[in-house]
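Next up, model15.cif (mmCIF, C-alpha atoms):
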data_target
#
loop_
_atom_site.label_atom_id
_atom_site.label_comp_id
_atom_site.auth_asym_id
_atom_site.auth_seq_id
_atom_site.Cartn_x
_atom_site.Cartn_y
_atom_site.Cartn_z
CA MET A 172 -16.90 -39.80 7.92
CA PRO A 173 -17.73 -41.94 10.94
CA PHE A 174 -20.84 -44.09 10.86
CA GLY A 175 -23.34 -43.17 13.55
CA LEU A 176 -26.25 -45.47 14.30
CA THR A 177 -29.50 -43.68 15.05
CA LEU A 178 -30.50 -44.64 18.57
CA PRO A 179 -34.05 -44.55 19.94
CA GLU A 180 -35.34 -41.72 22.13
CA PRO A 181 -34.97 -40.71 24.86
CA TRP A 182 -31.47 -42.20 24.80
CA ALA A 183 -30.15 -40.32 21.78
CA ASN A 184 -31.37 -37.05 23.26
CA ARG A 185 -29.65 -37.88 26.55
CA GLY A 186 -26.33 -38.17 24.73
CA TRP A 187 -26.01 -41.90 24.01
CA LYS A 188 -24.24 -42.63 20.71
CA ALA A 189 -23.15 -45.69 18.76
CA LYS A 190 -20.34 -45.11 16.28
CA ILE A 191 -17.76 -46.65 14.02
CA ARG A 192 -15.07 -44.00 13.61
CA ASP A 193 -12.52 -43.59 10.82
CA ARG A 194 -9.71 -44.84 13.03
CA GLU A 195 -10.55 -47.62 15.49
CA ARG A 196 -8.72 -50.57 16.94
CA LEU A 197 -9.23 -52.87 13.98
CA GLU A 198 -9.32 -56.23 15.69
CA PRO A 199 -11.88 -57.35 16.74
CA PRO A 200 -14.38 -55.43 14.58
CA HIS A 201 -16.74 -53.48 16.82
CA VAL A 202 -19.10 -50.56 17.24
CA THR A 203 -18.49 -48.22 20.17
CA ILE A 204 -21.36 -47.16 22.39
CA LEU A 205 -20.54 -43.80 23.93
CA TYR A 206 -22.09 -41.94 26.83
CA LYS A 207 -20.30 -38.96 28.31
CA THR A 208 -16.89 -40.17 29.56
CA SER A 209 -17.69 -43.90 29.18
CA ALA A 210 -17.39 -46.20 26.19
CA TRP A 211 -18.40 -49.79 25.55
CA ARG A 212 -17.05 -51.82 22.62
CA PHE A 213 -19.63 -54.18 21.14
CA ALA A 214 -18.28 -57.00 18.96
CA LEU A 215 -19.77 -57.17 15.48
CA ARG A 216 -18.79 -60.80 14.94
CA THR A 217 -20.39 -62.19 18.09
CA GLY A 218 -22.94 -59.53 19.08
CA THR A 219 -21.54 -59.33 22.62
CA PHE A 220 -19.68 -56.77 24.70
CA LEU A 221 -15.92 -56.99 24.38
CA ASP A 222 -14.96 -55.53 27.75
CA LYS A 223 -15.93 -56.24 31.36
CA GLU A 224 -15.40 -52.61 32.34
CA PRO A 225 -17.26 -50.37 32.29
CA SER A 226 -20.02 -52.84 33.12
CA PRO A 227 -22.24 -53.64 30.11
CA THR A 228 -25.22 -53.55 32.52
CA GLU A 229 -24.84 -49.74 32.57
CA VAL A 230 -25.99 -49.58 28.94
CA PRO A 231 -29.78 -49.21 28.67
CA ALA A 232 -31.49 -52.31 27.25
CA GLU A 233 -33.08 -50.20 24.50
CA VAL A 234 -29.65 -49.03 23.32
CA VAL A 235 -28.29 -52.59 23.28
CA GLY A 236 -31.48 -53.68 21.51
CA ALA A 237 -31.03 -51.03 18.82
CA VAL A 238 -27.43 -52.12 18.22
CA ARG A 239 -28.39 -55.82 18.05
CA ALA A 240 -31.32 -55.05 15.73
CA ASN A 241 -28.92 -53.28 13.36
CA LEU A 242 -26.05 -55.77 13.41
CA THR A 243 -26.34 -56.50 9.69
CA LEU A 244 -26.14 -52.81 8.84
CA LEU A 245 -23.24 -52.27 11.28
CA ARG A 246 -21.35 -55.22 9.77
CA GLN A 247 -21.87 -53.80 6.29
CA GLU A 248 -20.61 -50.42 7.44
CA TRP A 249 -17.56 -51.97 9.10
CA ASP A 250 -16.73 -53.91 5.92
CA ARG A 251 -17.16 -50.75 3.83
CA MET A 252 -14.90 -48.73 6.14
CA TYR A 253 -12.33 -51.41 6.94
CA SER A 254 -12.01 -53.59 3.88
CA GLU A 255 -8.62 -54.82 5.15
CA ASN A 256 -10.34 -56.57 8.06
CA ARG A 257 -13.76 -57.48 6.74
CA ILE A 258 -16.27 -59.52 8.71
CA SER A 259 -18.37 -60.86 5.86
CA THR A 260 -15.79 -62.97 4.00
CA GLU A 261 -14.84 -64.59 7.27
CA ARG A 262 -18.48 -65.31 8.12
CA LYS A 263 -19.09 -66.78 4.67
CA ALA A 264 -15.97 -68.92 5.01
CA LYS A 265 -17.14 -70.19 8.41
CA ARG A 266 -20.59 -71.03 7.04
CA LYS A 267 -19.00 -72.77 4.08
CA GLY A 268 -16.70 -74.71 6.41
CA LYS A 269 -19.68 -75.85 8.47
CA SER A 270 -21.64 -77.01 5.41
CA ASN A 271 -18.63 -79.05 4.28
CA GLU A 272 -18.36 -80.81 7.64
CA MET B 280 -6.51 -42.52 42.54
CA SER B 281 -6.84 -39.21 40.67
CA ASP B 282 -4.86 -36.15 41.70
CA PRO B 283 -6.80 -33.58 43.75
CA LEU B 284 -8.32 -30.73 41.74
CA LEU B 285 -7.52 -27.27 43.08
CA LEU B 286 -9.63 -24.52 41.52
CA ILE B 287 -8.40 -20.95 41.96
CA GLU B 288 -11.33 -18.58 42.32
CA PRO B 289 -10.19 -15.14 43.53
CA HIS B 290 -12.91 -13.15 45.32
CA GLY B 291 -15.19 -11.66 42.69
CA HIS B 292 -13.92 -14.03 39.97
CA ALA B 293 -15.87 -17.21 40.76
CA SER B 294 -16.69 -19.00 37.54
CA ARG B 295 -20.14 -20.45 36.91
CA LEU B 296 -18.56 -22.79 34.39
CA PHE B 297 -17.07 -24.92 37.14
CA MET B 298 -20.03 -24.91 39.52
CA ARG B 299 -20.48 -28.66 39.12
CA LEU B 300 -16.80 -29.51 39.37
CA GLU B 301 -15.80 -31.42 42.49
CA ALA B 302 -12.71 -29.45 43.43
CA TYR B 303 -11.15 -27.63 46.35
CA ARG B 304 -11.97 -23.95 45.82
CA LEU B 305 -9.16 -21.62 46.76
CA ARG B 306 -9.97 -17.92 47.06
CA SER B 307 -7.00 -16.36 48.79
CA GLU B 308 -3.23 -16.63 49.15
CA SER B 309 -3.58 -18.30 52.55
CA GLU B 310 -5.91 -20.96 51.12
CA ILE B 311 -3.43 -21.62 48.31
CA ARG B 312 -0.59 -21.95 50.83
CA SER B 313 -2.61 -24.45 52.88
CA ALA B 314 -3.44 -26.41 49.74
CA LEU B 315 0.24 -26.51 48.81
CA LYS B 316 1.07 -27.94 52.22
CA ARG B 317 -1.66 -30.57 51.91
CA HIS B 318 -1.07 -31.49 48.26
CA GLY B 319 2.58 -30.53 47.81
CA ARG B 320 3.48 -33.85 46.21
CA ARG B 321 1.02 -33.82 43.36
CA ALA B 322 -2.04 -31.80 42.36
CA LEU B 323 -3.90 -30.48 39.36
CA TRP B 324 -4.49 -26.72 39.56
CA ILE B 325 -7.15 -24.96 37.48
CA ALA B 326 -6.89 -21.24 36.81
CA PRO B 327 -10.00 -20.11 34.88
CA SER B 328 -8.90 -16.48 34.57
CA SER B 329 -5.88 -14.23 34.38
CA ALA B 330 -6.70 -13.02 37.91
CA ALA B 331 -6.55 -16.62 39.11
CA VAL B 332 -3.12 -17.14 37.53
CA HIS B 333 -1.96 -13.87 39.11
CA LEU B 334 -3.13 -14.97 42.57
CA LEU B 335 -1.51 -18.39 42.14
CA LEU B 336 1.82 -16.97 41.00
CA GLY B 337 1.84 -14.53 43.90
CA THR B 338 1.80 -17.46 46.30
CA PHE B 339 3.54 -20.26 44.49
CA PRO B 340 7.13 -21.14 45.49
CA ARG B 341 9.73 -19.85 43.03
CA ARG B 342 11.08 -23.31 42.35
CA ARG B 343 9.39 -26.44 41.10
CA THR B 344 8.04 -28.57 43.96
CA GLY B 345 6.54 -32.01 43.57
CA ASP B 346 4.45 -32.87 40.55
CA GLN B 347 2.23 -29.82 40.10
CA ARG B 348 0.12 -29.44 36.96
CA LEU B 349 -1.77 -26.39 35.73
CA LEU B 350 -4.73 -25.86 33.43
CA SER B 351 -4.93 -22.18 32.49
CA LEU B 352 -8.05 -21.11 30.65
CA GLU B 353 -7.18 -17.55 29.67
CA ARG B 354 -4.49 -16.40 27.30
CA ALA B 355 -1.19 -15.36 28.89
CA SER B 356 1.82 -13.39 27.70
CA ASP B 357 4.86 -15.36 26.52
CA ASN B 358 6.76 -14.29 29.64
CA ARG B 359 4.05 -15.49 31.96
CA LEU B 360 3.78 -18.76 30.03
CA GLY B 361 7.53 -19.24 30.42
CA LEU B 362 7.18 -18.73 34.15
CA LEU B 363 4.32 -21.21 34.38
CA HIS B 364 6.32 -23.83 32.49
CA ALA B 365 9.24 -23.27 34.85
CA LEU B 366 7.13 -23.81 37.96
CA PHE B 367 4.74 -26.55 36.87
CA ARG B 368 5.58 -29.98 35.51
CA PHE B 369 2.78 -29.83 32.95
CA VAL B 370 0.93 -26.73 31.76
CA VAL B 371 -2.05 -26.80 29.43
CA SER B 372 -3.26 -23.39 28.35
CA VAL B 373 -5.38 -22.00 25.58
CA ASP B 374 -2.27 -20.40 24.09
CA GLY B 375 -0.39 -21.86 21.15
CA GLY B 376 -3.46 -22.93 19.22
CA VAL B 377 -4.61 -25.46 21.80
CA GLN B 378 -8.24 -26.43 21.17
CA LEU B 379 -9.90 -27.40 24.45
CA LEU B 380 -13.09 -29.38 24.95
CA PRO B 381 -16.29 -27.35 25.37
CA MET B 382 -16.51 -26.25 29.03
CA ASP B 383 -19.37 -28.57 30.02
CA GLU B 384 -17.47 -31.57 28.65
CA LEU B 385 -14.20 -30.36 30.17
CA THR B 386 -15.83 -30.29 33.60
CA GLU B 387 -17.13 -33.85 33.16
CA VAL B 388 -13.73 -35.13 32.06
CA LEU B 389 -11.87 -33.45 34.92
CA SER B 390 -14.37 -34.94 37.37
CA SER B 391 -14.03 -38.40 35.88
CA ALA B 392 -12.04 -41.14 37.59
CA ASN B 393 -10.58 -42.17 34.21
CA ARG B 394 -9.61 -38.64 33.14
CA ALA B 395 -6.07 -39.75 32.25
CA ASP B 396 -7.59 -41.87 29.47
CA LEU B 397 -9.57 -38.98 28.00
CA PHE B 398 -8.30 -36.00 26.08
CA ILE B 399 -9.11 -32.41 27.02
CA GLY B 400 -7.30 -30.54 24.28
CA ALA B 401 -5.15 -30.72 21.19
CA ALA B 402 -2.89 -28.60 19.02
CA VAL B 403 -1.36 -29.19 15.62
CA VAL B 404 2.30 -28.48 14.96
CA PRO B 405 2.18 -28.22 11.15
CA THR B 406 5.91 -27.66 10.72
CA ASP B 407 6.65 -30.97 12.38
CA ALA B 408 3.57 -32.81 11.11
CA ALA B 409 2.55 -33.68 14.64
CA VAL B 410 -0.45 -33.36 16.93
CA ILE B 411 -0.05 -32.73 20.64
CA LEU B 412 -2.92 -34.25 22.59
CA TYR B 413 -3.47 -33.31 26.22
CA ARG B 414 -4.90 -35.92 28.55
CA GLY B 415 -7.26 -35.20 31.44
CA ASN B 416 -4.31 -35.42 33.83
CA LEU B 417 -2.64 -32.75 31.62
CA GLU B 418 0.08 -35.07 30.31
CA PRO B 419 0.86 -34.46 26.64
CA LEU B 420 0.98 -37.19 24.03
CA VAL B 421 2.65 -36.41 20.71
CA VAL B 422 1.30 -38.27 17.71
CA PRO B 423 2.49 -37.99 14.10
CA LEU B 424 -0.16 -36.60 11.75
CA THR B 425 0.37 -39.67 9.58
CA TRP B 426 -1.22 -41.80 12.31
CA PHE B 427 -4.58 -40.32 11.26
CA ARG B 428 -4.64 -42.62 8.26
CA GLU B 429 -7.04 -41.88 5.43
CA ARG B 430 -9.39 -44.71 4.44
CA PRO B 431 -10.18 -45.44 0.80
CA ASP B 432 -13.31 -43.38 0.02
CA GLY B 433 -13.15 -41.91 3.52
CA PRO B 434 -12.75 -38.27 4.55
CA ILE B 435 -9.31 -36.65 4.44
CA PRO B 436 -8.12 -35.75 7.95
CA ASP B 437 -8.05 -31.95 8.10
CA PRO B 438 -5.51 -30.73 10.67
CA HIS B 439 -6.77 -27.15 10.27
CA ASP B 440 -10.09 -28.19 11.79
CA LEU B 441 -8.97 -30.07 14.88
CA ALA B 442 -11.21 -30.69 17.88
CA ILE B 443 -11.68 -33.09 20.75
CA THR B 444 -15.26 -34.35 21.01
CA ASP B 445 -17.37 -37.01 22.74
CA PHE B 446 -16.14 -36.01 26.21
CA GLY B 447 -12.52 -36.58 25.28
CA GLN B 448 -13.11 -39.90 23.51
CA THR B 449 -12.80 -38.77 19.90
CA ILE B 450 -10.25 -36.70 18.00
CA ARG B 451 -11.89 -34.93 15.08
CA LEU B 452 -9.96 -33.54 12.10
CA GLY B 453 -12.60 -32.04 9.81
CA ALA B 454 -15.08 -34.78 8.94
CA TYR B 455 -12.60 -37.46 10.04
CA GLU B 456 -12.86 -39.02 13.50
CA ALA B 457 -10.35 -41.16 15.39
CA ALA B 458 -11.05 -43.09 18.58
CA ALA B 459 -8.98 -41.99 21.59
CA ASP B 460 -8.99 -45.66 22.59
CA ALA B 461 -7.21 -46.70 19.37
CA LEU B 462 -4.62 -43.99 19.79
CA LEU B 463 -3.88 -44.74 23.45
CA TYR B 464 -3.78 -48.48 22.73
CA GLU B 465 -1.02 -47.89 20.22
CA PHE B 466 1.04 -45.24 22.01
CA ASP B 467 0.62 -45.94 25.73
CA GLU B 468 1.84 -49.31 26.98
CA ASP B 469 0.19 -48.87 30.38
CA TYR B 470 -3.17 -48.13 28.74
CA ARG B 471 -2.73 -51.17 26.48
CA ARG B 472 -2.09 -53.42 29.48
CA ARG B 473 -5.16 -52.11 31.30
CA ALA B 474 -7.31 -52.37 28.16
CA LYS B 475 -6.30 -56.00 27.69
CA LYS B 476 -7.22 -56.78 31.30
CA ARG B 477 -10.68 -55.28 30.74
CA GLN B 478 -11.37 -57.55 27.78
CA VAL B 479 -13.83 -60.39 28.34
CA GLU B 480 -11.60 -62.74 26.42
CA THR B 481 -8.86 -62.28 23.95
CA ASP B 482 -6.62 -64.36 21.78
CA ARG B 483 -3.41 -64.05 23.81
CA SER B 484 -1.28 -65.94 21.30
CA LEU B 485 1.61 -64.39 19.40
CA GLY B 486 -0.42 -64.81 16.20
CA GLY B 487 -3.37 -62.89 17.63
CA ALA B 488 -1.13 -60.07 18.85
CA LEU B 489 0.69 -59.92 15.53
CA ARG B 490 -2.57 -59.70 13.60
CA ARG B 491 -3.91 -56.90 15.87
CA LEU B 492 -0.69 -54.91 15.60
CA ARG B 493 -0.34 -55.43 11.83
CA LEU B 494 -3.89 -54.22 11.20
CA GLN B 495 -3.38 -51.32 13.58
CA LYS B 496 -0.34 -50.26 11.54
CA GLY B 497 -2.24 -50.59 8.28
CA LEU B 498 0.07 -53.27 6.88
CA ARG B 499 -0.74 -56.25 4.66
CA GLN B 500 0.73 -59.70 5.17
CA GLY B 501 2.94 -59.07 2.14
CA ASP B 502 4.43 -55.87 3.56
CA PHE B 503 7.28 -57.48 5.50
CA PRO B 504 10.64 -57.47 3.70
CA GLY B 505 12.47 -60.74 4.25
CA VAL B 506 9.35 -62.54 5.51
CA THR B 507 6.86 -64.01 3.08
CA ALA B 508 3.12 -63.32 3.31
CA LYS B 509 2.67 -67.07 3.76
CA GLU B 510 4.91 -67.09 6.83
CA ILE B 511 3.06 -64.14 8.35
CA ALA B 512 -0.27 -65.87 7.71
CA ARG B 513 0.98 -69.09 9.34
CA ILE B 514 2.16 -67.22 12.45
CA GLU B 515 -1.15 -65.35 12.66
CA ARG B 516 -3.12 -68.60 12.37
CA GLY B 517 -1.04 -70.12 15.18
CA GLU B 518 0.54 -72.73 12.93
CA VAL B 519 3.97 -71.38 13.84
CA LYS B 520 4.08 -70.89 17.61
CA LYS B 521 7.73 -69.86 17.93
CA PRO B 522 9.09 -68.11 14.84
CA HIS B 523 12.86 -67.80 14.37
CA GLN B 524 14.34 -64.82 16.19
CA HIS B 525 15.45 -63.21 12.91
CA THR B 526 11.90 -63.52 11.57
CA LEU B 527 10.49 -61.91 14.69
CA THR B 528 13.08 -59.15 14.54
CA ALA B 529 12.26 -58.41 10.89
CA ILE B 530 8.54 -58.30 11.68
CA ALA B 531 9.06 -56.06 14.71
CA LYS B 532 11.37 -53.73 12.80
CA ARG B 533 8.80 -53.24 10.04
CA MET B 534 6.16 -52.32 12.62
CA GLY B 535 8.42 -49.99 14.59
CA VAL B 536 8.30 -51.93 17.86
CA SER B 537 10.70 -54.27 19.65
CA ALA B 538 10.25 -58.03 19.22
CA ASP B 539 9.34 -58.34 22.91
CA ASP B 540 6.62 -55.72 22.53
CA ILE B 541 4.61 -57.62 19.91
CA LEU B 542 2.91 -59.75 22.57
CA THR B 543 1.71 -56.66 24.44
CA TYR B 544 -0.70 -55.82 21.59
#
Before anything else, please render the file you have as structure tokens.
Amino acid sequence: MPFGLTLPEPWANRGWKAKIRDRERLEPPHVTILYKTSAWRFALRTGTFLDKEPSPTEVPAEVVGAVRANLTLLRQEWDRMYSENRISTERKAKRKGKSNE
Amino acid sequence: MSDPLLLIEPHGHASRLFMRLEAYRLRSESEIRSALKRHGRRALWIAPSSAAVHLLLGTFPRRRTGDQRLLSLERASDNRLGLLHALFRFVVSVDGGVQLLPMDELTEVLSSANRADLFIGAAVVPTDAAVILYRGNLEPLVVPLTWFRERPDGPIPDPHDLAITDFGQTIRLGAYEAAADALLYEFDEDYRRRAKKRQVETDRSLGGALRRLRLQKGLRQGDFPGVTAKEIARIERGEVKKPHQHTLTAIAKRMGVSADDILTY
């Protein structure tokens, strides 16, 4: 079952979606924002758009805001769905590395 | 640039479904002949009804010319299908269990500049454990059913409930969904090259490419006969920049690609 983030209105009603599907490109971990024939990959590690095209400026600020506000949940969902390429262990390791520096 | 869309609408058979489609509308044999002269090299024809196919076949040359493609939206007899396949380079029709996108989404995809990167239909070939996916430019892409890999605790892909959704961007098998992007990235080298160009930044090293491809194939670092998990990890981390040729060959063989292709991922 794909994970679909609930987006705010009126965007959800207009057809905007944010999904992690059962088969995605696994690296880098991302959520896909979909609207009609366009898609934007949003990186779950960095919280930024992965691609220059289509332009990220085409995504309504409220949709981007909803994705950013739910990054923790999206990361958890990614880790649950793709345990072979988890984000959390890597993030913990990075934090640990920094504290040892 | 996308191929021109030529919509056959015989008098009295105009379809409301395609009202919003930006296409040349051809209503008579003479209009079809003119269109053939103008777009003889390559075009995408749409026949929404049996009457439209009949009008088209009455005018179309009896030998294949240029790169003509046909989307036929009404069922046809086997004989007529055979004829269509003889005359057109690619034919997508609702026959043979092909599941097309809902009409409103189909219209959007056909109108889209990136229609070749979206799917408009799909059919399962159970005897050969394969799925045929049809792109918006009508080119077929054959994918083994095994590509739709089940996740632990995830839904089982159900080939008996196949559909294309999200305006051609998702392939759904029951409750299971696969991204068209992931599929094209793996099976279409041209798409992969374009997708990499679109990326803001990417790790272009051999290690980065190896890691992306390995994960895409669902393999662990220990799944490479003749190469230790430690070696794979060192290559992926960039500690080994130029692995031995026999190591690269063994890695490539396990992933079903050529050694030269690894860097394209």
Restrict the calculation to only C-alpha atoms, then for each residue of chain A with any atom at most 9 Å from an atom of chain B give the closest atom pair and their distance in Å to one decimal, rows by chain and rising residue number, as JSON lines.
{"residue": "A:Met172", "atom": "CA", "partner": "B:Tyr455", "partner_atom": "CA", "distance": 5.3}
{"residue": "A:Pro173", "atom": "CA", "partner": "B:Glu456", "partner_atom": "CA", "distance": 6.2}
{"residue": "A:Ile191", "atom": "CA", "partner": "B:Ala458", "partner_atom": "CA", "distance": 8.9}
{"residue": "A:Arg192", "atom": "CA", "partner": "B:Glu456", "partner_atom": "CA", "distance": 5.4}
{"residue": "A:Asp193", "atom": "CA", "partner": "B:Glu456", "partner_atom": "CA", "distance": 5.3}
{"residue": "A:Arg194", "atom": "CA", "partner": "B:Ala457", "partner_atom": "CA", "distance": 4.4}
{"residue": "A:Glu195", "atom": "CA", "partner": "B:Ala461", "partner_atom": "CA", "distance": 5.2}
{"residue": "A:Arg196", "atom": "CA", "partner": "B:Ala461", "partner_atom": "CA", "distance": 4.8}
{"residue": "A:Leu197", "atom": "CA", "partner": "B:Gln495", "partner_atom": "CA", "distance": 6.1}
{"residue": "A:Glu198", "atom": "CA", "partner": "B:Arg491", "partner_atom": "CA", "distance": 5.5}
{"residue": "A:Pro199", "atom": "CA", "partner": "B:Arg491", "partner_atom": "CA", "distance": 8.0}
{"residue": "A:Leu205", "atom": "CA", "partner": "B:Asp445", "partner_atom": "CA", "distance": 7.6}
{"residue": "A:Tyr206", "atom": "CA", "partner": "B:Asp445", "partner_atom": "CA", "distance": 8.0}
{"residue": "A:Lys207", "atom": "CA", "partner": "B:Phe446", "partner_atom": "CA", "distance": 5.5}
{"residue": "A:Thr208", "atom": "CA", "partner": "B:Phe446", "partner_atom": "CA", "distance": 5.4}
{"residue": "A:Ser209", "atom": "CA", "partner": "B:Gln448", "partner_atom": "CA", "distance": 8.3}
{"residue": "A:Ala210", "atom": "CA", "partner": "B:Gln448", "partner_atom": "CA", "distance": 8.1}
{"residue": "A:Phe220", "atom": "CA", "partner": "B:Val479", "partner_atom": "CA", "distance": 7.8}
{"residue": "A:Leu221", "atom": "CA", "partner": "B:Val479", "partner_atom": "CA", "distance": 5.6}
{"residue": "A:Asp222", "atom": "CA", "partner": "B:Gln478", "partner_atom": "CA", "distance": 4.1}
{"residue": "A:Lys223", "atom": "CA", "partner": "B:Arg477", "partner_atom": "CA", "distance": 5.4}
{"residue": "A:Glu224", "atom": "CA", "partner": "B:Arg477", "partner_atom": "CA", "distance": 5.7}
{"residue": "A:Pro225", "atom": "CA", "partner": "B:Arg477", "partner_atom": "CA", "distance": 8.4}
{"residue": "A:Met252", "atom": "CA", "partner": "B:Arg430", "partner_atom": "CA", "distance": 7.0}
{"residue": "A:Tyr253", "atom": "CA", "partner": "B:Arg430", "partner_atom": "CA", "distance": 7.7}
{"residue": "A:Ser254", "atom": "CA", "partner": "B:Pro431", "partner_atom": "CA", "distance": 8.9}
{"residue": "A:Glu255", "atom": "CA", "partner": "B:Leu494", "partner_atom": "CA", "distance": 7.7}
{"residue": "A:Asn256", "atom": "CA", "partner": "B:Leu494", "partner_atom": "CA", "distance": 7.5}
Show me, as a Markdown table, the residues of range 379-418 of chain B having an atom within 10 Å of range 343-355 of chain B, each with the closest atom pair and its distance in Å, using all atoms listed in the file.
| residue | atom | partner | partner_atom | distance |
| --- | --- | --- | --- | --- |
| B:Leu379 | CA | B:Leu352 | CA | 9.0 |
| B:Gly415 | CA | B:Leu350 | CA | 9.9 |
| B:Asn416 | CA | B:Arg348 | CA | 8.1 |
| B:Leu417 | CA | B:Arg348 | CA | 6.9 |
| B:Glu418 | CA | B:Arg348 | CA | 8.7 |
- [ ] Pick out the residues sitting within 12 Å of Ile514 in chain B, and hand them over as a VMD selection string; count all atoms listed in the file, and ignore anything fewer than 3 positions along from it in its own chain.
- [x] chain B and resid 484 to 490 500 506 to 511 517 to 523 526 to 527 530
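The gap separating CA of Pro438 in chain B from CA of Leu424 in chain B is 8.0 Å, in Å to one decimal.
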Quick one: axis-aligned box around all listed atoms of range 193-197 of chain A, 3 Å on every side, centre and edge lengths in Å to one decimal, written as JSON.
{"center_x": -10.6, "center_y": -48.2, "center_z": 13.9, "size_x": 9.8, "size_y": 15.3, "size_z": 12.1}
### Message
Expand the PyMOL selection byres ((chain B and resi 406-411) around 8) into the explicit residue set it covers here, and present it as a PyMOL selection string.
### Response
chain B and resi 401-405+412-413+419-425
Neighbours of range 235-250 of chain A within 10 Å (only C-alpha atoms; same-chain residues fewer than 3 positions away dropped), as number ranges by chain?
A: 173-179, 189-193, 197, 200-204, 213-220, 227-228, 230-232, 253-260
Requested in this report: Using all atoms listed in the file, determine which residues lie at most 12 Å from Ser328 in chain B, disregarding the query and same-chain residues fewer than 6 positions distant; provide the list as a ChimeraX atom specification.
Outcome: /B:286-294,296,334-335,350-355,372-373
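Counting from CA of Leu380 in chain B, the distance to CA of Leu300 in chain B is 14.9 Å.
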